$ cat target-v1.cif   # mmCIF, C-alpha atoms and all ligand atoms
data_protein
loop_
_atom_site.label_atom_id
_atom_site.label_comp_id
_atom_site.auth_asym_id
_atom_site.auth_seq_id
_atom_site.Cartn_x
_atom_site.Cartn_y
_atom_site.Cartn_z
CA MET L 275 -28.00 22.93 -38.55
CA ARG L 276 -31.53 21.64 -39.05
CA ARG L 277 -32.32 24.55 -41.31
CA PHE L 278 -29.31 23.76 -43.50
CA LEU L 279 -30.26 20.12 -43.66
CA SER L 280 -33.78 20.52 -44.91
CA LEU L 281 -32.42 22.81 -47.63
CA GLY L 282 -29.69 20.24 -48.12
CA LEU L 283 -32.20 17.59 -49.07
CA ILE L 284 -33.44 19.69 -51.95
CA GLY L 285 -29.85 20.51 -52.82
CA ALA L 286 -28.88 16.87 -53.03
CA ALA L 287 -31.48 16.29 -55.70
CA LEU L 288 -30.20 19.26 -57.67
CA SER L 289 -26.58 18.29 -57.24
CA LEU L 290 -26.78 15.11 -59.26
CA GLY L 291 -25.72 16.79 -62.47
CA ALA L 292 -22.96 18.86 -60.91
CA GLY L 293 -19.60 17.88 -59.54
CA PRO L 294 -15.96 17.82 -60.48
CA ALA L 295 -14.97 16.52 -63.87
CA LEU L 296 -12.00 14.83 -65.45
CA ALA L 297 -9.46 17.55 -66.24
CA GLN L 298 -6.75 16.53 -68.71
CA GLY L 299 -6.77 12.94 -67.55
CA LYS L 300 -6.64 13.94 -63.89
CA LEU L 301 -9.35 13.17 -61.38
CA ARG L 302 -10.26 16.62 -60.16
CA ALA L 303 -11.50 16.95 -56.59
CA GLU L 304 -12.46 20.02 -54.62
CA ILE L 305 -11.64 19.50 -50.97
CA MET L 306 -13.17 21.64 -48.25
CA HIS L 307 -11.48 21.78 -44.84
CA TRP L 308 -10.56 24.25 -42.09
CA TRP L 309 -6.82 23.68 -41.91
CA THR L 310 -5.35 27.13 -42.43
CA SER L 311 -2.87 27.65 -39.57
CA GLY L 312 0.86 27.15 -40.23
CA GLY L 313 0.96 23.55 -38.97
CA GLU L 314 -2.40 22.64 -40.48
CA SER L 315 -1.47 23.96 -43.94
CA ALA L 316 1.84 22.11 -43.88
CA ALA L 317 -0.02 18.91 -43.02
CA VAL L 318 -2.77 19.28 -45.61
CA GLN L 319 -0.12 19.80 -48.28
CA GLU L 320 0.96 16.21 -47.67
CA PHE L 321 -2.53 15.08 -48.73
CA GLN L 322 -2.41 17.33 -51.73
CA LYS L 323 1.00 16.02 -52.83
CA ALA L 324 -0.05 12.40 -52.42
CA PHE L 325 -3.37 12.86 -54.24
CA ASN L 326 -1.78 14.70 -57.16
CA ALA L 327 0.96 12.05 -57.41
CA ALA L 328 -1.73 9.36 -57.60
CA GLY L 329 -3.42 10.97 -60.61
CA GLY L 330 -5.70 13.44 -58.88
CA GLU L 331 -5.96 17.20 -59.13
CA TRP L 332 -6.44 18.73 -55.68
CA VAL L 333 -8.54 21.89 -55.74
CA ASP L 334 -8.27 23.46 -52.35
CA ALA L 335 -11.38 24.95 -50.73
CA ALA L 336 -10.09 25.87 -47.29
CA VAL L 337 -12.42 27.92 -45.07
CA ALA L 338 -10.52 29.66 -42.27
CA GLY L 339 -11.64 29.33 -38.65
CA GLY L 340 -10.12 26.96 -36.12
CA GLY L 341 -12.45 24.23 -34.92
CA GLY L 342 -14.30 24.34 -38.23
CA ASP L 343 -17.62 26.08 -37.49
CA ALA L 344 -17.32 28.35 -40.51
CA ALA L 345 -16.23 25.52 -42.82
CA ARG L 346 -19.10 23.27 -41.75
CA THR L 347 -21.59 26.10 -42.34
CA ALA L 348 -20.06 26.75 -45.77
CA PHE L 349 -20.38 23.06 -46.63
CA MET L 350 -24.03 22.91 -45.59
CA ASN L 351 -24.72 25.97 -47.74
CA ARG L 352 -22.99 24.43 -50.74
CA LEU L 353 -24.93 21.20 -50.21
CA ALA L 354 -28.18 23.12 -49.95
CA GLY L 355 -27.32 25.00 -53.14
CA GLY L 356 -26.81 21.74 -55.03
CA ASN L 357 -23.10 22.33 -55.50
CA PRO L 358 -21.29 20.42 -52.78
CA PRO L 359 -17.49 20.14 -52.85
CA THR L 360 -16.08 16.69 -53.65
CA ALA L 361 -14.89 16.08 -50.12
CA MET L 362 -15.56 17.69 -46.77
CA GLN L 363 -13.76 17.51 -43.42
CA PHE L 364 -15.67 16.78 -40.23
CA ASN L 365 -14.55 15.89 -36.75
CA THR L 366 -14.59 12.24 -35.70
CA SER L 367 -17.98 12.84 -34.17
CA LYS L 368 -21.72 12.91 -34.84
CA GLN L 369 -21.40 16.04 -37.00
CA PHE L 370 -22.18 14.13 -40.21
CA ASP L 371 -25.00 11.90 -38.87
CA ASP L 372 -27.74 14.09 -40.31
CA VAL L 373 -26.22 14.19 -43.79
CA ILE L 374 -25.92 10.40 -43.71
CA ALA L 375 -29.56 10.12 -42.63
CA ALA L 376 -30.55 12.45 -45.46
CA GLY L 377 -28.86 10.08 -47.93
CA GLN L 378 -26.41 12.72 -49.12
CA LEU L 379 -23.12 10.87 -48.73
CA ILE L 380 -21.58 8.06 -50.75
CA GLU L 381 -20.66 4.82 -49.01
CA LEU L 382 -17.02 3.85 -48.97
CA ASP L 383 -17.58 0.15 -48.26
CA ASP L 384 -15.70 -0.99 -51.39
CA VAL L 385 -12.57 1.11 -50.69
CA ALA L 386 -12.63 0.11 -47.03
CA GLN L 387 -12.96 -3.54 -47.94
CA LYS L 388 -10.27 -3.47 -50.62
CA ASP L 389 -7.78 -1.57 -48.49
CA GLY L 390 -8.48 -3.60 -45.33
CA TRP L 391 -9.50 -0.60 -43.19
CA LYS L 392 -11.27 -2.75 -40.64
CA GLY L 393 -8.18 -4.63 -39.51
CA ALA L 394 -5.86 -1.64 -39.81
CA VAL L 395 -7.77 1.33 -38.34
CA TYR L 396 -7.99 1.86 -34.58
CA GLY L 397 -11.30 0.22 -33.56
CA PRO L 398 -13.17 3.14 -31.94
CA VAL L 399 -12.23 5.37 -34.89
CA MET L 400 -13.46 2.78 -37.39
CA ASP L 401 -16.71 2.58 -35.41
CA ALA L 402 -17.00 6.36 -35.57
CA VAL L 403 -17.08 6.31 -39.40
CA THR L 404 -19.47 3.37 -39.66
CA ARG L 405 -23.28 3.54 -39.46
CA ASN L 406 -25.48 0.44 -39.80
CA GLY L 407 -22.56 -1.56 -41.14
CA HIS L 408 -21.66 0.97 -43.87
CA VAL L 409 -18.57 3.17 -44.00
CA TYR L 410 -19.35 6.82 -44.65
CA ALA L 411 -16.07 8.61 -44.00
CA VAL L 412 -12.34 8.14 -44.24
CA PRO L 413 -10.65 8.67 -40.88
CA VAL L 414 -7.34 10.49 -41.27
CA ASN L 415 -5.88 10.79 -37.79
CA ILE L 416 -6.35 10.40 -34.06
CA HIS L 417 -6.00 13.61 -32.10
CA ASN L 418 -5.84 13.69 -28.33
CA ASN L 419 -7.73 16.86 -27.38
CA ILE L 420 -6.41 16.83 -23.80
CA TRP L 421 -2.92 18.31 -23.50
CA LEU L 422 -1.13 20.88 -21.41
CA TRP L 423 1.71 22.56 -23.32
CA TYR L 424 4.43 24.47 -21.51
CA ASN L 425 7.59 26.35 -22.34
CA ALA L 426 10.38 24.71 -20.34
CA ASP L 427 12.70 27.72 -20.74
CA VAL L 428 10.08 30.04 -19.27
CA LEU L 429 9.49 27.68 -16.35
CA LYS L 430 13.21 27.42 -15.70
CA LYS L 431 13.62 31.19 -15.66
CA ALA L 432 10.75 31.46 -13.17
CA GLY L 433 12.43 28.78 -11.04
CA VAL L 434 9.67 26.16 -11.37
CA ALA L 435 9.41 22.62 -12.72
CA PRO L 436 6.74 21.19 -15.03
CA PRO L 437 3.70 20.38 -12.86
CA LYS L 438 2.60 16.90 -11.85
CA THR L 439 -0.63 17.95 -10.16
CA TRP L 440 -3.12 20.81 -10.40
CA ASP L 441 -1.78 22.22 -7.13
CA ASP L 442 1.68 22.28 -8.72
CA LEU L 443 0.21 24.06 -11.73
CA PHE L 444 -1.31 26.86 -9.65
CA ALA L 445 1.95 27.22 -7.68
CA ASP L 446 3.81 27.48 -11.02
CA PHE L 447 1.30 30.04 -12.28
CA ASP L 448 1.96 32.29 -9.28
CA LYS L 449 5.73 32.21 -9.76
CA VAL L 450 5.50 32.71 -13.52
CA LYS L 451 3.18 35.67 -12.96
CA ALA L 452 5.64 37.15 -10.45
CA ALA L 453 8.37 36.74 -13.10
CA GLY L 454 6.31 38.96 -15.42
CA VAL L 455 5.21 36.32 -17.94
CA VAL L 456 1.59 35.43 -18.85
CA PRO L 457 0.93 32.17 -16.97
CA LEU L 458 -1.82 30.79 -19.23
CA ALA L 459 -2.37 31.55 -22.92
CA GLN L 460 -6.08 31.14 -23.63
CA ALA L 461 -7.88 31.66 -26.94
CA GLY L 462 -11.26 33.37 -27.28
CA ASP L 463 -13.52 30.85 -29.05
CA ASN L 464 -15.85 28.95 -26.76
CA TRP L 465 -14.63 25.61 -28.09
CA THR L 466 -11.12 26.46 -26.90
CA LYS L 467 -12.43 27.35 -23.44
CA ALA L 468 -14.33 24.07 -23.47
CA LEU L 469 -11.10 22.21 -24.18
CA THR L 470 -9.53 23.92 -21.18
CA PHE L 471 -12.56 22.83 -19.11
CA PHE L 472 -12.25 19.24 -20.34
CA ASN L 473 -8.57 19.25 -19.39
CA VAL L 474 -9.63 20.06 -15.84
CA LEU L 475 -12.43 17.49 -15.83
CA LEU L 476 -10.33 14.63 -17.14
CA GLY L 477 -7.03 15.64 -15.55
CA GLU L 478 -8.24 16.58 -12.10
CA ALA L 479 -11.27 14.28 -11.65
CA GLY L 480 -10.25 11.50 -14.05
CA PRO L 481 -12.18 9.54 -16.69
CA PRO L 482 -14.92 8.01 -14.42
CA LEU L 483 -16.65 11.34 -13.74
CA TYR L 484 -16.31 12.36 -17.40
CA LEU L 485 -17.95 9.10 -18.49
CA LYS L 486 -20.73 9.40 -15.93
CA LEU L 487 -21.55 12.80 -17.33
CA PHE L 488 -21.16 12.39 -21.07
CA LYS L 489 -21.48 8.68 -21.76
CA ASP L 490 -24.14 7.84 -19.16
CA LEU L 491 -25.72 11.34 -19.36
CA ASP L 492 -26.14 11.14 -15.59
CA ALA L 493 -27.43 14.57 -14.56
CA ASP L 494 -26.96 13.69 -10.86
CA ALA L 495 -23.20 13.63 -11.42
CA THR L 496 -23.38 17.42 -11.87
CA LYS L 497 -24.40 17.73 -8.21
CA THR L 498 -21.35 15.95 -6.78
CA PRO L 499 -18.62 17.72 -4.79
CA GLU L 500 -16.14 16.34 -7.32
CA PHE L 501 -17.83 18.18 -10.18
CA LYS L 502 -18.08 21.36 -8.10
CA HIS L 503 -14.34 21.16 -7.50
CA VAL L 504 -13.75 20.79 -11.26
CA LEU L 505 -15.85 23.89 -11.96
CA GLU L 506 -14.10 25.88 -9.25
CA THR L 507 -10.71 24.88 -10.59
CA PHE L 508 -11.78 25.86 -14.09
CA GLY L 509 -13.04 29.21 -12.79
CA LYS L 510 -9.73 29.87 -11.02
CA LEU L 511 -7.84 29.60 -14.30
CA ARG L 512 -9.37 32.94 -15.34
CA ASN L 513 -7.06 34.66 -12.85
CA TYR L 514 -4.01 33.63 -14.83
CA VAL L 515 -4.75 34.81 -18.36
CA ASP L 516 -3.92 38.17 -19.95
CA ASN L 517 -6.36 40.73 -21.35
CA GLY L 518 -6.11 39.50 -24.92
CA VAL L 519 -8.23 36.36 -24.66
CA GLN L 520 -11.26 37.57 -26.62
CA GLY L 521 -10.56 37.46 -30.34
CA ARG L 522 -7.45 35.31 -29.97
CA GLN L 523 -7.26 32.23 -32.21
CA TRP L 524 -6.06 28.86 -30.90
CA ASN L 525 -2.87 29.02 -32.98
CA GLN L 526 -2.05 32.46 -31.58
CA ALA L 527 -2.43 31.07 -28.05
CA ILE L 528 0.02 28.20 -28.61
CA GLY L 529 2.19 30.72 -30.47
CA MET L 530 2.57 32.62 -27.18
CA VAL L 531 4.00 29.48 -25.57
CA ILE L 532 6.26 28.76 -28.54
CA THR L 533 7.76 32.25 -28.36
CA GLY L 534 7.97 32.35 -24.57
CA GLN L 535 5.36 35.09 -24.09
CA ALA L 536 3.30 32.65 -22.01
CA ALA L 537 4.16 29.61 -19.94
CA PHE L 538 1.20 27.27 -20.52
CA ASN L 539 -1.65 26.51 -22.91
CA PHE L 540 -4.34 23.82 -22.94
CA MET L 541 -5.04 22.58 -26.47
CA GLY L 542 -5.38 19.44 -28.56
CA ASP L 543 -2.26 18.09 -30.20
CA TRP L 544 -2.84 20.06 -33.39
CA ALA L 545 -0.96 22.63 -31.28
CA LYS L 546 2.10 20.45 -31.81
CA GLY L 547 1.71 21.05 -35.56
CA GLU L 548 2.42 24.72 -34.78
CA VAL L 549 5.47 23.77 -32.72
CA VAL L 550 6.82 21.71 -35.62
CA SER L 551 6.01 24.34 -38.23
CA ALA L 552 7.85 26.91 -36.08
CA GLY L 553 10.96 24.75 -36.56
CA GLN L 554 11.06 23.37 -33.01
CA THR L 555 11.29 19.77 -31.88
CA PRO L 556 8.41 18.78 -29.61
CA GLY L 557 9.80 18.52 -26.09
CA ASN L 558 12.31 21.35 -26.39
CA PRO L 559 11.47 23.93 -25.25
CA VAL L 560 7.74 23.22 -25.65
CA GLY L 561 6.90 20.23 -23.50
CA CYS L 562 3.64 18.32 -23.31
CA ILE L 563 1.50 16.61 -20.67
CA ALA L 564 -1.39 14.39 -21.79
CA GLY L 565 -3.89 14.89 -18.97
CA LEU L 566 -2.36 16.71 -16.00
CA GLY L 567 -2.99 14.63 -12.88
CA HIS L 568 -4.65 11.70 -14.63
CA PRO L 569 -2.94 10.89 -17.92
CA ALA L 570 -5.72 10.68 -20.46
CA TYR L 571 -6.36 10.20 -24.15
CA TRP L 572 -9.51 11.77 -25.53
CA ILE L 573 -10.17 10.34 -28.95
CA GLY L 574 -10.74 13.20 -31.33
CA GLY L 575 -9.64 13.88 -34.85
CA ASP L 576 -10.83 14.31 -38.37
CA VAL L 577 -12.55 12.44 -41.17
CA PHE L 578 -13.53 13.28 -44.74
CA VAL L 579 -16.95 12.57 -46.22
CA PHE L 580 -17.99 12.60 -49.87
CA ALA L 581 -21.25 14.10 -51.08
CA LYS L 582 -23.13 12.09 -53.70
CA GLN L 583 -22.24 12.92 -57.32
CA SER L 584 -23.72 11.71 -60.59
CA ASP L 585 -20.55 11.91 -62.69
CA PRO L 586 -18.78 8.53 -62.43
CA GLU L 587 -15.40 10.25 -62.86
CA ALA L 588 -16.15 12.42 -59.84
CA ILE L 589 -16.93 9.33 -57.80
CA LYS L 590 -13.68 7.78 -58.96
CA GLY L 591 -11.88 10.88 -57.68
CA GLN L 592 -13.62 10.59 -54.33
CA LYS L 593 -12.61 6.98 -53.92
CA LEU L 594 -9.05 7.67 -55.03
CA LEU L 595 -8.86 10.41 -52.42
CA ALA L 596 -10.19 8.12 -49.69
CA HIS L 597 -7.64 5.48 -50.67
CA VAL L 598 -4.73 7.93 -50.75
CA MET L 599 -5.59 9.64 -47.47
CA LEU L 600 -5.52 6.39 -45.55
CA SER L 601 -2.54 4.82 -47.30
CA LYS L 602 0.35 4.04 -44.96
CA GLU L 603 2.84 6.51 -46.45
CA THR L 604 0.38 9.41 -46.50
CA GLN L 605 -0.71 8.66 -42.95
CA VAL L 606 2.86 8.88 -41.65
CA ALA L 607 3.71 12.05 -43.62
CA PHE L 608 0.47 13.87 -42.81
CA ASN L 609 0.31 13.02 -39.11
CA ALA L 610 3.96 13.95 -38.45
CA LYS L 611 3.03 17.51 -39.45
CA LYS L 612 -0.50 17.55 -38.07
CA GLY L 613 0.44 16.70 -34.48
CA SER L 614 -1.90 13.69 -34.41
CA VAL L 615 -1.09 9.99 -34.69
CA PRO L 616 -2.08 7.85 -37.69
CA ALA L 617 -5.64 6.49 -37.72
CA ARG L 618 -4.21 3.12 -38.70
CA LEU L 619 -2.16 1.08 -36.31
CA ASP L 620 -0.10 -0.90 -38.82
CA VAL L 621 2.38 1.89 -39.60
CA ASP L 622 5.86 2.52 -38.27
CA ASN L 623 5.37 4.86 -35.32
CA SER L 624 8.94 4.57 -34.01
CA LYS L 625 9.94 7.93 -35.48
CA LEU L 626 7.11 9.84 -33.82
CA ASP L 627 8.13 12.60 -31.42
CA ILE L 628 8.11 12.25 -27.63
CA CYS L 629 4.65 13.75 -27.21
CA ALA L 630 3.13 11.35 -29.73
CA GLN L 631 4.95 8.50 -27.97
CA GLN L 632 3.42 9.62 -24.67
CA GLY L 633 -0.01 9.58 -26.30
CA LEU L 634 0.50 6.21 -27.97
CA LYS L 635 1.53 4.69 -24.65
CA ILE L 636 -1.79 5.74 -23.09
CA LEU L 637 -3.65 4.48 -26.16
CA SER L 638 -1.93 1.10 -26.08
CA GLU L 639 -2.46 0.64 -22.33
CA ASN L 640 -6.10 1.37 -23.12
CA LYS L 641 -7.27 2.27 -19.64
CA ASP L 642 -7.41 6.05 -19.68
CA VAL L 643 -8.80 6.36 -23.17
CA VAL L 644 -12.16 8.06 -23.63
CA LYS L 645 -14.17 9.06 -26.65
CA GLY L 646 -14.62 12.78 -27.24
CA PHE L 647 -17.87 14.13 -25.82
CA ASP L 648 -18.90 14.97 -29.39
CA LEU L 649 -19.11 11.24 -30.05
CA TYR L 650 -21.76 11.06 -27.30
CA LEU L 651 -23.67 14.32 -27.80
CA THR L 652 -25.28 15.62 -30.99
CA PRO L 653 -23.88 18.83 -32.49
CA ASP L 654 -26.73 20.71 -30.75
CA GLY L 655 -25.71 19.32 -27.35
CA VAL L 656 -22.07 20.10 -28.07
CA GLY L 657 -23.00 23.68 -28.95
CA GLN L 658 -24.93 24.03 -25.68
CA VAL L 659 -21.89 22.88 -23.70
CA TYR L 660 -19.68 25.39 -25.54
CA ASP L 661 -22.15 28.19 -24.86
CA ALA L 662 -22.50 27.33 -21.17
CA ILE L 663 -18.75 27.27 -20.68
CA GLY L 664 -18.19 30.44 -22.68
CA GLN L 665 -20.84 32.34 -20.69
CA PHE L 666 -19.42 31.19 -17.37
CA TRP L 667 -15.91 32.23 -18.43
CA SER L 668 -17.07 35.76 -19.29
CA ASP L 669 -19.43 36.34 -16.39
CA PRO L 670 -17.68 36.71 -13.03
CA ASN L 671 -21.09 36.71 -11.30
CA GLU L 672 -22.15 33.31 -12.51
CA THR L 673 -21.70 30.74 -9.75
CA THR L 674 -20.41 27.20 -10.20
CA ASP L 675 -23.82 25.96 -8.99
CA GLN L 676 -25.51 27.87 -11.80
CA LEU L 677 -23.11 26.36 -14.31
CA ALA L 678 -23.67 22.88 -12.86
CA GLY L 679 -27.42 23.46 -13.30
CA LYS L 680 -26.90 24.26 -16.98
CA PHE L 681 -24.91 21.06 -17.41
CA ALA L 682 -27.70 19.09 -15.72
CA GLU L 683 -30.24 20.53 -18.21
CA ILE L 684 -28.03 19.77 -21.21
CA LEU L 685 -27.56 16.17 -20.06
CA LYS L 686 -31.25 15.70 -19.39
CA ASN L 687 -32.11 17.02 -22.87
CA ALA L 688 -29.49 14.79 -24.45
CA LYS L 689 -31.00 11.77 -22.77
CA GLN L 690 -34.43 12.29 -24.31
C1 LIG I 1 -9.61 19.44 -35.60
C2 LIG I 1 -8.13 19.66 -35.87
C3 LIG I 1 -7.84 21.12 -36.11
C4 LIG I 1 -8.40 21.95 -34.96
C5 LIG I 1 -8.14 23.42 -35.07
C6 LIG I 1 -10.13 20.41 -34.58
O1 LIG I 1 -11.52 20.34 -34.56
O2 LIG I 1 -9.82 18.13 -35.19
O3 LIG I 1 -7.71 18.90 -36.96
O4 LIG I 1 -6.47 21.32 -36.27
O5 LIG I 1 -9.80 21.74 -34.91
O6 LIG I 1 -8.56 23.94 -36.26
#
$ encode --input "target-v1.cif" --output "structure tokens"
Amino acid sequence: MRRFLSLGLIGAALSLGAGPALAQGKLRAEIMHWWTSGGESAAVQEFQKAFNAAGGEWVDAAVAGGGGDAARTAFMNRLAGGNPPTAMQFNTSKQFDDVIAAGQLIELDDVAQKDGWKGAVYGPVMDAVTRNGHVYAVPVNIHNNIWLWYNADVLKKAGVAPPKTWDDLFADFDKVKAAGVVPLAQAGDNWTKALTFFNVLLGEAGPPLYLKLFKDLDADATKTPEFKHVLETFGKLRNYVDNGVQGRQWNQAIGMVITGQAAFNFMGDWAKGEVVSAGQTPGNPVGCIAGLGHPAYWIGGDVFVFAKQSDPEAIKGQKLLAHVMLSKETQVAFNAKKGSVPARLDVDNSKLDICAQQGLKILSENKDVVKGFDLYLTPDGVGQVYDAIGQFWSDPNETTDQLAGKFAEILKNAKQ
């Protein structure tokens, strides 16, 4: 990251003459993102349609790879080379702090002001795109990263009901396994294993322990019996996956639940985009639980940032795109396919599916809502958490105390 950024500084200076131009009266914009699964592509097409209808010309620069590591690296390389795309996706997180600090992004204060973002966008999300009073990104959705998905038909066949507690879940796993179906579909990337871990932390222990760890960076919380129990529970999940975990993408894992090859999967609600794009209605047969044990909403999601350009037409295109992405109609159309809920609260949510309604209820009650840990930790800290979890998952000899020790180190470093 740091390496890319120092190169990026030089790149920014070079980039001033480059950038998209006006093509046949259209504001051309090259948009880089990592939305390439079935549900993600269907959703991003809504942006494309809306931008083109508003006088833009969407040039797609998708970089495959769920979670976006590859896309973010590609963006940093383009920035360093002085040829950044017009717009770039990031998570609603600290991922773009360094490029803001390096002065490489345009401010969107005028669009935000004109379109009334401040009153309309969900407060914590608006905060997440604002630095020192300036708006640097357009928020496009709110994802809840903490969901357990299950196939109700598979559960019925195995003679079990959807779980209410973690004990229920393990009892269901045993029966599903005995019925010859994979109990838990897990993907291979460390970030997907981390999401499974965070489901255990928030669902089994509840938000207070999560906040002690990641908001307060309280390393002592890693030594509690509660945290040990979370790690043990997480470790136990490894007994219920099949042999195909390594190399499996997140969309293939939820695909196993959609097709009935597996009973359960932990994943953010972009998984619901796959359910919808497979032609199913959320809830039947794929059901959803936001935080097993403790209902929870982890605020995640996506934003777009705009690298500085010298061509005024290019900047016009960037601002048009920001306006279009957060307009009410586009928000409803995009989020219905993406699996998330709109970033703005002043839209008609009555037609959202039952999973989104479940999520919105938690959001509106506002007591079990937490920010994603990537809003507390820097990308380096986030990467360390992913690595620690990934190593533990793959090494049967690593003890939960050893893993807790790694967490303590990460939190101590983050506090400095
Ligand atoms: C993003 C989602 C995306 C998922 C899988 C997450 O980081 O927030 O929008 O669908 O990665 O690619």
$ residues_near_point --input "target-v1.cif" --point "(-12.8, 13.5, -27.7)" --cutoff "9 Å" --atoms "all atoms listed in the file" --output "list in words"
Thr366, Ser367, His417, Asn418, Asn419, Ile420, Tyr571, Trp572, Ile573, Gly574, Gly575, Val644, Lys645, Gly646, Phe647, Asp648 and Leu649 of chain L
$ write_last_selection --input "target-v1.cif" --atoms "C-alpha atoms" --output "tab-separated table (two decimals), in the frame of the given file"
chain	number	residue	atom	x	y	z
L	366	THR	CA	-14.59	12.24	-35.70
L	367	SER	CA	-17.98	12.84	-34.17
L	417	HIS	CA	-6.00	13.61	-32.10
L	418	ASN	CA	-5.84	13.69	-28.33
L	419	ASN	CA	-7.73	16.86	-27.38
L	420	ILE	CA	-6.41	16.83	-23.80
L	571	TYR	CA	-6.36	10.20	-24.15
L	572	TRP	CA	-9.51	11.77	-25.53
L	573	ILE	CA	-10.17	10.34	-28.95
L	574	GLY	CA	-10.74	13.20	-31.33
L	575	GLY	CA	-9.64	13.88	-34.85
L	644	VAL	CA	-12.16	8.06	-23.63
L	645	LYS	CA	-14.17	9.06	-26.65
L	646	GLY	CA	-14.62	12.78	-27.24
L	647	PHE	CA	-17.87	14.13	-25.82
L	648	ASP	CA	-18.90	14.97	-29.39
L	649	LEU	CA	-19.11	11.24	-30.05
$ residues_near_ligand --input "target-v1.cif" --ligand "ligand LIG 1 (chain I)" --cutoff "7 Å" --atoms "all atoms listed in the file" --output "mmCIF file with C-alpha atoms, in the frame of the given file"
data_model
loop_
_atom_site.group_PDB
_atom_site.id
_atom_site.type_symbol
_atom_site.label_atom_id
_atom_site.label_comp_id
_atom_site.auth_asym_id
_atom_site.auth_seq_id
_atom_site.Cartn_x
_atom_site.Cartn_y
_atom_site.Cartn_z
ATOM 1 C CA TRP L 308 -10.560 24.250 -42.090
ATOM 2 C CA TRP L 309 -6.820 23.680 -41.910
ATOM 3 C CA GLU L 314 -2.400 22.640 -40.480
ATOM 4 C CA GLY L 339 -11.640 29.330 -38.650
ATOM 5 C CA GLY L 340 -10.120 26.960 -36.120
ATOM 6 C CA GLY L 341 -12.450 24.230 -34.920
ATOM 7 C CA GLY L 342 -14.300 24.340 -38.230
ATOM 8 C CA ASN L 365 -14.550 15.890 -36.750
ATOM 9 C CA HIS L 417 -6.000 13.610 -32.100
ATOM 10 C CA TRP L 544 -2.840 20.060 -33.390
ATOM 11 C CA GLY L 574 -10.740 13.200 -31.330
ATOM 12 C CA GLY L 575 -9.640 13.880 -34.850
ATOM 13 C CA ASP L 576 -10.830 14.310 -38.370
#
$ closest_residue --input "target-v1.cif" --among "L:Pro559, L:Thr507, L:Gly553, L:Phe578" --to "Leu382 in chain L" --atoms "all atoms listed in the file"
L:Phe578
$ closest_residue --input "target-v1.cif" --among "L:Gly547, L:Pro413, L:Gly509, L:Gly521" --to "Glu672 in chain L" --atoms "only C-alpha atoms"
L:Gly509
$ residues_around --input "target-v1.cif" --residues "range 446-452 of chain L" --least-positions-apart "2" --cutoff "12 Å" --atoms "all atoms listed in the file" --output "PyMOL selection string"
chain L and resi 424-444+454-459+510-516+534-539
$ write_last_selection --input "target-v1.cif" --atoms "C-alpha atoms" --output "mmCIF file, in the coordinates of the input"
data_model
loop_
_atom_site.group_PDB
_atom_site.id
_atom_site.type_symbol
_atom_site.label_atom_id
_atom_site.label_comp_id
_atom_site.auth_asym_id
_atom_site.auth_seq_id
_atom_site.Cartn_x
_atom_site.Cartn_y
_atom_site.Cartn_z
ATOM 1 C CA TYR L 424 4.430 24.470 -21.510
ATOM 2 C CA ASN L 425 7.590 26.350 -22.340
ATOM 3 C CA ALA L 426 10.380 24.710 -20.340
ATOM 4 C CA ASP L 427 12.700 27.720 -20.740
ATOM 5 C CA VAL L 428 10.080 30.040 -19.270
ATOM 6 C CA LEU L 429 9.490 27.680 -16.350
ATOM 7 C CA LYS L 430 13.210 27.420 -15.700
ATOM 8 C CA LYS L 431 13.620 31.190 -15.660
ATOM 9 C CA ALA L 432 10.750 31.460 -13.170
ATOM 10 C CA GLY L 433 12.430 28.780 -11.040
ATOM 11 C CA VAL L 434 9.670 26.160 -11.370
ATOM 12 C CA ALA L 435 9.410 22.620 -12.720
ATOM 13 C CA PRO L 436 6.740 21.190 -15.030
ATOM 14 C CA PRO L 437 3.700 20.380 -12.860
ATOM 15 C CA LYS L 438 2.600 16.900 -11.850
ATOM 16 C CA THR L 439 -0.630 17.950 -10.160
ATOM 17 C CA TRP L 440 -3.120 20.810 -10.400
ATOM 18 C CA ASP L 441 -1.780 22.220 -7.130
ATOM 19 C CA ASP L 442 1.680 22.280 -8.720
ATOM 20 C CA LEU L 443 0.210 24.060 -11.730
ATOM 21 C CA PHE L 444 -1.310 26.860 -9.650
ATOM 22 C CA GLY L 454 6.310 38.960 -15.420
ATOM 23 C CA VAL L 455 5.210 36.320 -17.940
ATOM 24 C CA VAL L 456 1.590 35.430 -18.850
ATOM 25 C CA PRO L 457 0.930 32.170 -16.970
ATOM 26 C CA LEU L 458 -1.820 30.790 -19.230
ATOM 27 C CA ALA L 459 -2.370 31.550 -22.920
ATOM 28 C CA LYS L 510 -9.730 29.870 -11.020
ATOM 29 C CA LEU L 511 -7.840 29.600 -14.300
ATOM 30 C CA ARG L 512 -9.370 32.940 -15.340
ATOM 31 C CA ASN L 513 -7.060 34.660 -12.850
ATOM 32 C CA TYR L 514 -4.010 33.630 -14.830
ATOM 33 C CA VAL L 515 -4.750 34.810 -18.360
ATOM 34 C CA ASP L 516 -3.920 38.170 -19.950
ATOM 35 C CA GLY L 534 7.970 32.350 -24.570
ATOM 36 C CA GLN L 535 5.360 35.090 -24.090
ATOM 37 C CA ALA L 536 3.300 32.650 -22.010
ATOM 38 C CA ALA L 537 4.160 29.610 -19.940
ATOM 39 C CA PHE L 538 1.200 27.270 -20.520
ATOM 40 C CA ASN L 539 -1.650 26.510 -22.910
#
